[in-house]
$ cat upload-v3.csv   # CSV, C-alpha atoms
chain,number,residue,atom,x,y,z
J,22,MET,CA,0.0,0.0,0.0
J,23,LYS,CA,2.8,2.3,1.0
J,24,LYS,CA,4.7,1.5,-2.2
J,25,LEU,CA,1.7,2.1,-4.3
J,26,LYS,CA,1.4,5.6,-2.9
J,27,TYR,CA,4.9,6.5,-4.0
J,28,VAL,CA,4.3,5.1,-7.5
J,29,TYR,CA,1.2,7.2,-7.7
J,30,LYS,CA,3.1,10.3,-6.6
J,31,ILE,CA,5.9,9.7,-9.0
J,32,ALA,CA,3.4,9.2,-11.9
J,33,ALA,CA,1.7,12.4,-10.9
J,34,LEU,CA,5.0,14.3,-10.9
J,35,ALA,CA,5.9,12.8,-14.2
J,36,ILE,CA,2.6,13.9,-15.8
J,37,ALA,CA,2.9,17.4,-14.3
J,38,VAL,CA,6.5,17.9,-15.4
J,39,LEU,CA,5.8,16.5,-18.9
J,40,LEU,CA,2.9,18.9,-19.3
J,41,GLY,CA,5.0,21.8,-18.0
J,42,TYR,CA,7.8,20.9,-20.5
J,43,MET,CA,5.3,21.0,-23.3
J,44,LEU,CA,3.9,24.3,-22.1
J,45,LEU,CA,7.4,25.8,-21.9
J,46,GLN,CA,8.3,24.6,-25.4
J,47,ALA,CA,5.1,26.3,-26.7
J,48,LEU,CA,5.8,29.5,-24.7
J,49,MET,CA,9.3,29.8,-26.0
J,50,GLU,CA,7.8,30.3,-29.5
J,51,ILE,CA,6.2,33.5,-28.2
J,52,PRO,CA,8.7,36.4,-28.4
J,53,PHE,CA,8.7,38.3,-25.1
J,54,GLY,CA,8.2,42.0,-24.9
J,55,THR,CA,7.2,42.7,-28.5
J,56,ASN,CA,4.3,44.9,-29.4
J,57,ARG,CA,1.4,42.7,-30.6
J,58,MET,CA,-1.5,45.0,-29.9
J,59,PHE,CA,-4.4,45.0,-32.4
J,60,VAL,CA,-7.5,46.3,-30.8
J,61,ALA,CA,-5.7,47.7,-27.7
J,62,GLU,CA,-3.9,50.3,-29.9
J,63,ARG,CA,-7.2,51.9,-30.8
J,64,PHE,CA,-8.3,51.7,-27.1
J,65,ILE,CA,-5.2,53.6,-26.0
J,66,PHE,CA,-5.3,56.4,-28.6
J,67,GLU,CA,-9.1,56.9,-28.9
J,68,GLU,CA,-10.0,56.4,-25.2
J,69,PRO,CA,-9.2,60.0,-24.0
J,70,TYR,CA,-11.8,61.3,-26.5
J,71,GLU,CA,-14.4,58.5,-26.1
J,72,VAL,CA,-14.1,57.6,-22.4
J,73,GLY,CA,-11.9,60.3,-20.8
J,74,ALA,CA,-10.3,58.1,-18.1
J,75,ALA,CA,-6.6,58.5,-17.4
J,76,ASN,CA,-6.3,54.8,-16.5
J,77,THR,CA,-6.7,52.9,-19.8
J,78,VAL,CA,-7.3,49.6,-18.0
J,79,THR,CA,-10.3,51.1,-16.2
J,80,ALA,CA,-11.6,52.5,-19.4
J,81,ILE,CA,-11.6,49.1,-20.9
J,82,VAL,CA,-13.0,47.3,-17.9
J,83,VAL,CA,-15.8,49.7,-17.1
J,84,ASN,CA,-16.7,51.3,-20.4
J,85,TYR,CA,-15.7,49.2,-23.4
J,86,ARG,CA,-16.3,45.9,-21.6
J,87,GLY,CA,-18.8,47.2,-19.2
J,88,PHE,CA,-21.3,44.4,-19.9
J,89,ASP,CA,-18.6,41.8,-19.0
J,90,THR,CA,-18.0,43.6,-15.8
J,91,LEU,CA,-21.8,43.5,-15.0
J,92,GLY,CA,-21.6,39.8,-15.6
J,93,GLU,CA,-18.5,39.6,-13.3
J,94,VAL,CA,-20.3,41.4,-10.5
J,95,THR,CA,-23.2,39.0,-11.0
J,96,VAL,CA,-20.8,36.0,-10.6
J,97,LEU,CA,-19.5,37.5,-7.4
J,98,PHE,CA,-23.1,38.1,-6.2
J,99,ILE,CA,-24.0,34.5,-7.0
J,100,ALA,CA,-20.9,33.2,-5.2
J,101,ALA,CA,-21.7,35.3,-2.1
J,102,THR,CA,-25.3,34.0,-2.2
J,103,GLY,CA,-24.1,30.5,-2.5
J,104,VAL,CA,-21.8,30.8,0.5
J,105,ALA,CA,-24.7,32.3,2.5
J,106,LEU,CA,-26.9,29.5,1.4
J,107,LEU,CA,-24.4,26.8,2.5
J,108,LEU,CA,-23.2,28.3,5.7
J,109,HIS,CA,-25.4,31.1,7.1
J,110,ARG,CA,-27.2,30.5,10.3
J,111,GLU,CA,-29.4,33.3,11.8
J,112,ARG,CA,-28.3,32.7,15.3
J,113,GLY,CA,-24.9,31.2,14.7
J,114,ILE,CA,-22.2,31.1,17.2
J,115,ARG,CA,-18.7,32.5,16.6
J,116,LEU,CA,-16.3,29.9,15.3
J,117,ALA,CA,-13.1,29.6,17.4
J,118,PRO,CA,-13.4,32.8,19.5
J,119,THR,CA,-10.1,34.0,20.7
J,120,GLU,CA,-9.3,36.4,23.6
J,121,THR,CA,-7.2,39.3,22.3
J,122,THR,CA,-5.1,41.7,24.3
J,123,LEU,CA,-5.5,45.5,24.7
J,124,VAL,CA,-2.8,46.1,22.2
J,125,VAL,CA,-4.7,44.3,19.4
J,126,LYS,CA,-8.0,46.0,20.3
J,127,THR,CA,-6.5,49.5,20.4
J,128,GLY,CA,-4.5,48.8,17.2
J,129,ALA,CA,-7.7,47.7,15.4
J,130,ARG,CA,-9.5,50.9,16.6
J,131,VAL,CA,-6.7,53.1,15.3
J,132,LEU,CA,-6.2,51.2,12.0
J,133,LEU,CA,-9.9,50.8,11.1
J,134,PRO,CA,-10.5,54.4,9.8
J,135,ALA,CA,-7.2,54.3,7.9
J,136,VAL,CA,-8.0,51.0,6.2
J,137,LEU,CA,-11.5,52.2,5.3
J,138,LEU,CA,-10.0,55.5,3.9
J,139,VAL,CA,-7.5,53.6,1.8
J,140,GLY,CA,-10.2,51.4,0.4
J,141,LEU,CA,-12.4,54.4,-0.4
J,142,TYR,CA,-9.6,56.3,-2.0
J,143,ILE,CA,-8.7,53.3,-4.3
J,144,PHE,CA,-12.2,52.9,-5.6
J,145,VAL,CA,-13.1,56.6,-5.9
J,146,HIS,CA,-9.9,57.2,-7.9
J,147,GLY,CA,-10.2,54.0,-10.0
J,148,HIS,CA,-10.3,56.0,-13.3
J,149,LEU,CA,-7.1,57.9,-12.4
J,150,THR,CA,-4.7,55.7,-10.5
J,151,PRO,CA,-4.1,51.9,-10.4
J,152,GLY,CA,-6.8,50.1,-8.6
J,153,GLY,CA,-10.6,50.5,-8.8
J,154,GLY,CA,-13.8,49.0,-7.5
J,155,PHE,CA,-12.6,45.4,-7.0
J,156,PRO,CA,-9.4,46.0,-5.1
J,157,GLY,CA,-10.9,48.9,-3.2
J,158,GLY,CA,-13.9,46.7,-2.1
J,159,VAL,CA,-11.5,44.0,-1.0
J,160,ILE,CA,-9.6,46.5,1.2
J,161,VAL,CA,-12.9,47.8,2.7
J,162,ALA,CA,-13.9,44.1,3.5
J,163,SER,CA,-10.5,43.5,5.1
J,164,ALA,CA,-11.4,46.2,7.7
J,165,LEU,CA,-14.1,43.8,8.8
J,166,ILE,CA,-11.6,40.9,9.2
J,167,LEU,CA,-9.6,43.3,11.4
J,168,MET,CA,-12.7,43.9,13.6
J,169,TYR,CA,-13.4,40.1,13.8
J,170,PHE,CA,-9.8,39.4,14.8
J,171,ALA,CA,-9.8,42.1,17.5
J,172,TYR,CA,-13.2,41.8,19.1
J,173,GLU,CA,-14.6,38.3,19.8
J,174,GLU,CA,-18.1,39.7,20.4
J,175,TYR,CA,-18.2,41.7,17.1
J,176,VAL,CA,-21.1,41.1,14.7
J,177,ALA,CA,-21.2,42.6,11.3
J,178,PRO,CA,-24.4,44.6,10.4
J,179,ARG,CA,-25.6,41.9,8.0
J,180,SER,CA,-28.9,43.5,7.0
J,181,MET,CA,-27.2,46.8,6.3
J,182,LEU,CA,-24.7,45.1,4.2
J,183,HIS,CA,-27.5,43.4,2.2
J,184,LEU,CA,-29.1,46.8,1.6
J,185,LEU,CA,-25.9,48.4,0.5
J,186,GLU,CA,-25.2,45.4,-1.9
J,187,GLY,CA,-28.7,45.7,-3.4
J,188,ILE,CA,-28.5,49.5,-3.9
J,189,ALA,CA,-25.0,49.3,-5.4
J,190,GLY,CA,-26.1,46.6,-7.9
J,191,LEU,CA,-29.1,48.7,-8.8
J,192,VAL,CA,-27.0,51.8,-9.4
J,193,PHE,CA,-24.9,49.9,-12.0
J,194,VAL,CA,-28.0,48.6,-13.8
J,195,ILE,CA,-29.7,52.0,-13.7
J,196,VAL,CA,-26.6,53.7,-15.2
J,197,GLY,CA,-26.8,51.1,-18.0
J,198,ILE,CA,-30.5,51.6,-18.6
J,199,LEU,CA,-29.9,55.4,-18.8
J,200,GLY,CA,-27.8,54.6,-21.8
J,201,ILE,CA,-30.7,52.8,-23.4
J,202,ILE,CA,-33.1,55.7,-22.7
J,203,VAL,CA,-30.9,58.4,-24.1
J,204,TYR,CA,-28.9,56.7,-26.9
J,205,GLY,CA,-30.6,53.3,-27.3
J,206,ARG,CA,-27.5,51.3,-26.2
J,207,PHE,CA,-27.0,49.6,-22.9
J,208,LEU,CA,-24.2,51.1,-20.8
J,209,GLN,CA,-23.7,54.0,-23.2
J,210,ASN,CA,-22.1,56.9,-21.4
J,211,VAL,CA,-24.7,59.7,-20.8
J,212,PHE,CA,-22.6,61.8,-18.3
J,213,PRO,CA,-20.3,64.6,-19.4
J,214,LEU,CA,-16.7,63.6,-19.9
J,215,GLY,CA,-15.3,66.5,-17.8
J,216,ASP,CA,-11.6,67.5,-17.7
J,217,PHE,CA,-9.2,64.7,-18.5
J,218,GLY,CA,-7.4,63.5,-15.4
J,219,ARG,CA,-9.6,65.2,-12.8
J,220,LEU,CA,-11.7,63.4,-10.2
J,221,PHE,CA,-15.0,64.3,-11.8
J,222,SER,CA,-14.3,63.0,-15.3
J,223,ALA,CA,-14.6,60.0,-17.4
J,224,GLY,CA,-18.4,60.0,-17.5
J,225,PHE,CA,-20.1,57.2,-15.6
J,226,ILE,CA,-16.9,55.4,-14.5
J,227,PRO,CA,-16.6,57.0,-11.0
J,228,VAL,CA,-20.3,56.3,-10.4
J,229,VAL,CA,-20.1,52.7,-11.5
J,230,TYR,CA,-16.8,52.1,-9.7
J,231,VAL,CA,-18.1,53.5,-6.4
J,232,ALA,CA,-21.1,51.2,-6.8
J,233,ILE,CA,-18.8,48.2,-7.6
J,234,GLY,CA,-16.6,49.0,-4.7
J,235,ALA,CA,-19.6,49.1,-2.3
J,236,LYS,CA,-21.0,45.9,-3.8
J,237,VAL,CA,-17.7,44.0,-3.7
J,238,GLY,CA,-17.0,45.3,-0.2
J,239,SER,CA,-20.4,44.3,1.2
J,240,GLU,CA,-20.4,40.9,-0.6
J,241,LEU,CA,-17.0,39.9,0.7
J,242,ALA,CA,-17.9,41.2,4.2
J,243,GLY,CA,-21.0,38.9,4.0
J,244,ILE,CA,-18.8,35.9,2.9
J,245,ILE,CA,-16.4,36.6,5.8
J,246,HIS,CA,-19.4,36.9,8.2
J,247,ASP,CA,-20.9,33.6,7.1
J,248,MET,CA,-17.6,31.8,7.3
J,249,ILE,CA,-16.7,33.1,10.8
J,250,ARG,CA,-20.1,32.7,12.4
J,251,ARG,CA,-21.8,29.5,11.7
J,252,GLY,CA,-23.6,26.5,13.2
J,253,GLY,CA,-26.1,26.8,16.0
J,254,GLU,CA,-25.4,23.2,17.0
J,255,SER,CA,-22.4,22.2,19.1
J,256,GLU,CA,-19.7,20.2,17.4
R,23,MET,CA,15.7,40.9,-22.9
R,24,SER,CA,15.0,37.3,-23.8
R,25,ASP,CA,16.6,36.2,-20.5
R,26,LEU,CA,13.9,38.1,-18.6
R,27,GLY,CA,11.2,36.6,-20.8
R,28,THR,CA,12.6,33.1,-20.2
R,29,LEU,CA,12.6,33.7,-16.5
R,30,TYR,CA,8.9,34.8,-16.6
R,31,TYR,CA,7.9,31.8,-18.7
R,32,ILE,CA,9.8,29.4,-16.5
R,33,ASN,CA,8.0,31.0,-13.5
R,34,VAL,CA,4.6,30.5,-15.2
R,35,VAL,CA,5.4,26.9,-16.0
R,36,ALA,CA,6.6,26.2,-12.5
R,37,MET,CA,3.4,27.6,-11.0
R,38,VAL,CA,1.3,25.5,-13.3
R,39,VAL,CA,3.3,22.3,-12.6
R,40,ILE,CA,3.3,22.9,-8.8
R,41,GLY,CA,-0.5,23.5,-8.9
R,42,LEU,CA,-1.2,20.5,-11.0
R,43,TYR,CA,1.0,18.2,-8.8
R,44,ILE,CA,-0.8,19.4,-5.7
R,45,VAL,CA,-4.2,18.8,-7.3
R,46,LEU,CA,-3.2,15.3,-8.4
R,47,THR,CA,-1.5,14.0,-5.2
R,48,LYS,CA,-3.0,15.8,-2.2
R,49,ARG,CA,-6.0,14.2,-0.4
R,50,ASN,CA,-7.0,17.2,1.8
R,51,VAL,CA,-9.7,19.2,0.1
R,52,LEU,CA,-8.3,22.5,1.3
R,53,LYS,CA,-4.8,21.6,-0.1
R,54,ILE,CA,-6.4,20.7,-3.4
R,55,LEU,CA,-8.0,24.2,-3.4
R,56,ILE,CA,-4.7,25.8,-2.7
R,57,GLY,CA,-3.2,23.9,-5.6
R,58,LEU,CA,-6.0,25.1,-7.9
R,59,ASP,CA,-5.4,28.7,-6.8
R,60,ILE,CA,-1.7,28.4,-7.6
R,61,LEU,CA,-2.5,27.0,-11.0
R,62,GLY,CA,-4.9,29.8,-11.7
R,63,THR,CA,-2.4,32.4,-10.6
R,64,GLY,CA,0.1,30.9,-12.9
R,65,VAL,CA,-2.2,31.3,-15.9
R,66,ASN,CA,-3.1,34.9,-14.9
R,67,LEU,CA,0.6,35.7,-14.7
R,68,LEU,CA,1.1,34.2,-18.2
R,69,ILE,CA,-1.6,36.5,-19.7
R,70,VAL,CA,-0.1,39.6,-18.1
R,71,VAL,CA,3.4,38.6,-19.2
R,72,ILE,CA,2.4,38.2,-22.8
R,73,GLY,CA,0.9,41.7,-22.8
R,74,TYR,CA,4.3,43.2,-21.7
R,75,ILE,CA,6.2,45.4,-24.2
R,76,GLU,CA,9.9,46.0,-24.0
R,77,GLY,CA,10.5,49.3,-22.1
R,78,GLY,CA,6.8,50.0,-21.7
R,79,THR,CA,5.1,51.7,-18.8
R,80,ALA,CA,1.8,51.2,-17.0
R,81,PRO,CA,-1.1,52.1,-19.3
R,82,ILE,CA,-2.1,55.2,-17.3
R,83,TYR,CA,-1.9,58.7,-18.8
R,84,THR,CA,0.7,60.6,-16.8
R,85,ALA,CA,2.4,63.9,-17.6
R,86,GLY,CA,5.6,63.4,-19.5
R,87,ILE,CA,4.9,59.8,-20.7
R,88,SER,CA,3.9,59.3,-24.3
R,89,PRO,CA,0.9,56.9,-24.7
R,90,ALA,CA,3.0,55.2,-27.5
R,91,LYS,CA,5.1,53.6,-24.7
R,92,PHE,CA,2.1,51.9,-22.9
R,93,VAL,CA,2.1,48.2,-22.4
R,94,ASP,CA,-1.0,46.3,-23.7
R,95,PRO,CA,-3.9,47.2,-21.4
R,96,LEU,CA,-6.2,44.5,-22.7
R,97,PRO,CA,-4.6,41.4,-21.0
R,98,GLN,CA,-4.6,43.4,-17.7
R,99,ALA,CA,-8.3,44.1,-18.0
R,100,LEU,CA,-9.0,40.4,-18.7
R,101,VAL,CA,-6.9,39.3,-15.8
R,102,LEU,CA,-8.7,41.8,-13.5
R,103,THR,CA,-11.9,39.9,-14.4
R,104,ALA,CA,-10.3,36.5,-13.9
R,105,ILE,CA,-8.9,37.3,-10.5
R,106,VAL,CA,-12.3,38.3,-9.2
R,107,ILE,CA,-13.9,35.2,-10.6
R,108,ASP,CA,-11.1,33.2,-9.0
R,109,ALA,CA,-11.8,34.7,-5.6
R,110,ALA,CA,-15.5,34.0,-6.0
R,111,VAL,CA,-15.0,30.4,-7.0
R,112,LEU,CA,-12.5,29.9,-4.2
R,113,ALA,CA,-15.0,31.3,-1.6
R,114,MET,CA,-17.7,29.0,-2.9
R,115,ALA,CA,-15.4,26.0,-2.9
R,116,ILE,CA,-14.2,26.6,0.6
R,117,SER,CA,-17.8,26.8,1.9
R,118,ILE,CA,-18.6,23.5,0.2
R,119,ALA,CA,-15.4,22.1,1.9
R,120,ILE,CA,-16.8,23.3,5.3
R,121,ARG,CA,-20.1,21.5,4.6
R,122,LEU,CA,-18.2,18.4,3.6
R,123,TYR,CA,-16.3,18.5,6.8
R,124,LYS,CA,-19.5,18.7,8.7
R,125,GLU,CA,-21.0,15.8,6.8
R,126,PHE,CA,-18.1,13.4,6.9
R,127,GLY,CA,-16.0,14.6,9.8
R,128,THR,CA,-12.9,14.6,7.6
R,129,LEU,CA,-11.4,16.6,4.8
R,130,ASP,CA,-9.7,13.5,3.2
R,131,VAL,CA,-11.3,13.0,-0.2
R,132,ARG,CA,-10.7,9.2,-0.1
R,133,LYS,CA,-12.7,8.8,3.1
R,134,MET,CA,-15.7,10.7,1.7
R,135,ARG,CA,-17.9,7.8,0.5
R,136,LEU,CA,-21.6,8.0,0.2
R,137,LEU,CA,-21.8,4.8,-1.9
R,138,LYS,CA,-19.7,2.1,-0.3
R,139,TRP,CA,-18.3,-0.6,-2.6

$ encode --input "upload-v3.csv" --output "structure tokens"
Amino acid sequence: MKKLKYVYKIAALAIAVLLGYMLLQALMEIPFGTNRMFVAERFIFEEPYEVGAANTVTAIVVNYRGFDTLGEVTVLFIAATGVALLLHRERGIRLAPTETTLVVKTGARVLLPAVLLVGLYIFVHGHLTPGGGFPGGVIVASALILMYFAYEEYVAPRSMLHLLEGIAGLVFVIVGILGIIVYGRFLQNVFPLGDFGRLFSAGFIPVVYVAIGAKVGSELAGIIHDMIRRGGESE
Amino acid sequence: MSDLGTLYYINVVAMVVIGLYIVLTKRNVLKILIGLDILGTGVNLLIVVIGYIEGGTAPIYTAGISPAKFVDPLPQALVLTAIVIDAAVLAMAISIAIRLYKEFGTLDVRKMRLLKW
């Protein structure tokens, strides 16, 4: 039995290494660092006049591929709902509560506003600097993990998070439908482009990215909440 | 130039191989999920690396940098989507693993047998 286990491991290693070797051979055919842009070239040079966001990646994610991003947000929503369905208990007990010292509690209180501010900054400035709704939302949700670590009796405001999540999703869809009403195309920009590189620019991108940030933050916070507090029964 | 590229490609391949090996040999569900995540990260890295252009800068309009020097922004936008989907799938998979542990009292995939034969 023991011998069989080693044979199995060696076979698995051989398969993985063989596949890796084949992949490397294929990759070596691709020249590294050469310009092979086709559609992206148009995005880069036309984007300041069509979208008006300094961050080209954001312009592509939210404007040109906005419908994809709506689908992405929906996938995240379904995952959060699935986690809640599998794990959520209304009167669940805290899993593995740990006593923390005064240092951790005070540190969490001092850091919480700073973490929230960084998260907010990242998703409000998504069209100007690296970042955007998704990383910003994750940082906001990490503030909640900090609270859970520091205070064993802490409970996230679950119903408020649900409300925030719903409103944020609705804002994204309403912005899309405004495009249908005005121009007849879903997610067509109806807001003024503004001054290039300013906070209030790039049409609907700041609105949508704040909505995405709030949605991602509240959904991940919900996932964390469901994973930390679960099970009414004793195990 | 090509040395750097080779290094990146070897890194990508190493991550894929390590991820695949973990998925094939480990029995703990959580370890399998870690393996899947390493594999997925390797693929994301590959997509970003292919979009790199020699001497290019981040595709963000900044004073003093010509947009002709930008790297390809499209792979980065695609990977941004992929990372979020990865995180969502991982959260879902971990909660299924938690339920499996509740059901069987173990995380070992070989001991999870509903149909005994």

$ interface_residues --input "upload-v3.csv" --of "chain J" --to "chain R" --cutoff "6 Å" --atoms "only C-alpha atoms" --output "ChimeraX atom specification"
/J:34,37,41,53-56,61,75-78,82,97,100,104

$ atom_distance --input "upload-v3.csv" --atom1 "CA of Leu208 in chain J" --atom2 "CA of Phe98 in chain J"
19.6 Å

$ atom_distance --input "upload-v3.csv" --atom1 "CA of Arg179 in chain J" --atom2 "CA of Pro134 in chain J"
19.7 Å

$ residues_around --input "upload-v3.csv" --residues "Leu91 in chain J" --least-positions-apart "6" --cutoff "12 Å" --atoms "only C-alpha atoms" --output "PyMOL selection string"
(chain J and resi 82-85+97-98+189-197+207-208+229-230+232-233+236) or (chain R and resi 103)

$ atom_distance --input "upload-v3.csv" --atom1 "CA of Gly128 in chain J" --atom2 "CA of Ser163 in chain J"
14.5 Å

$ residues_around --input "upload-v3.csv" --residues "Gly238 in chain J" --least-positions-apart "4" --cutoff "9 Å" --atoms "only C-alpha atoms" --output "PDB file with C-alpha atoms, keeping the file's coordinate frame"
ATOM      1  CA  GLY J 154     -13.800  49.000  -7.500  1.00  0.00           C
ATOM      2  CA  PHE J 155     -12.600  45.400  -7.000  1.00  0.00           C
ATOM      3  CA  GLY J 157     -10.900  48.900  -3.200  1.00  0.00           C
ATOM      4  CA  GLY J 158     -13.900  46.700  -2.100  1.00  0.00           C
ATOM      5  CA  VAL J 159     -11.500  44.000  -1.000  1.00  0.00           C
ATOM      6  CA  ILE J 160      -9.600  46.500   1.200  1.00  0.00           C
ATOM      7  CA  VAL J 161     -12.900  47.800   2.700  1.00  0.00           C
ATOM      8  CA  ALA J 162     -13.900  44.100   3.500  1.00  0.00           C
ATOM      9  CA  SER J 163     -10.500  43.500   5.100  1.00  0.00           C
ATOM     10  CA  LEU J 182     -24.700  45.100   4.200  1.00  0.00           C
ATOM     11  CA  GLU J 186     -25.200  45.400  -1.900  1.00  0.00           C
ATOM     12  CA  ILE J 233     -18.800  48.200  -7.600  1.00  0.00           C
ATOM     13  CA  GLY J 234     -16.600  49.000  -4.700  1.00  0.00           C
ATOM     14  CA  ALA J 242     -17.900  41.200   4.200  1.00  0.00           C
ATOM     15  CA  GLY J 243     -21.000  38.900   4.000  1.00  0.00           C
TER      16      GLY J 243
END
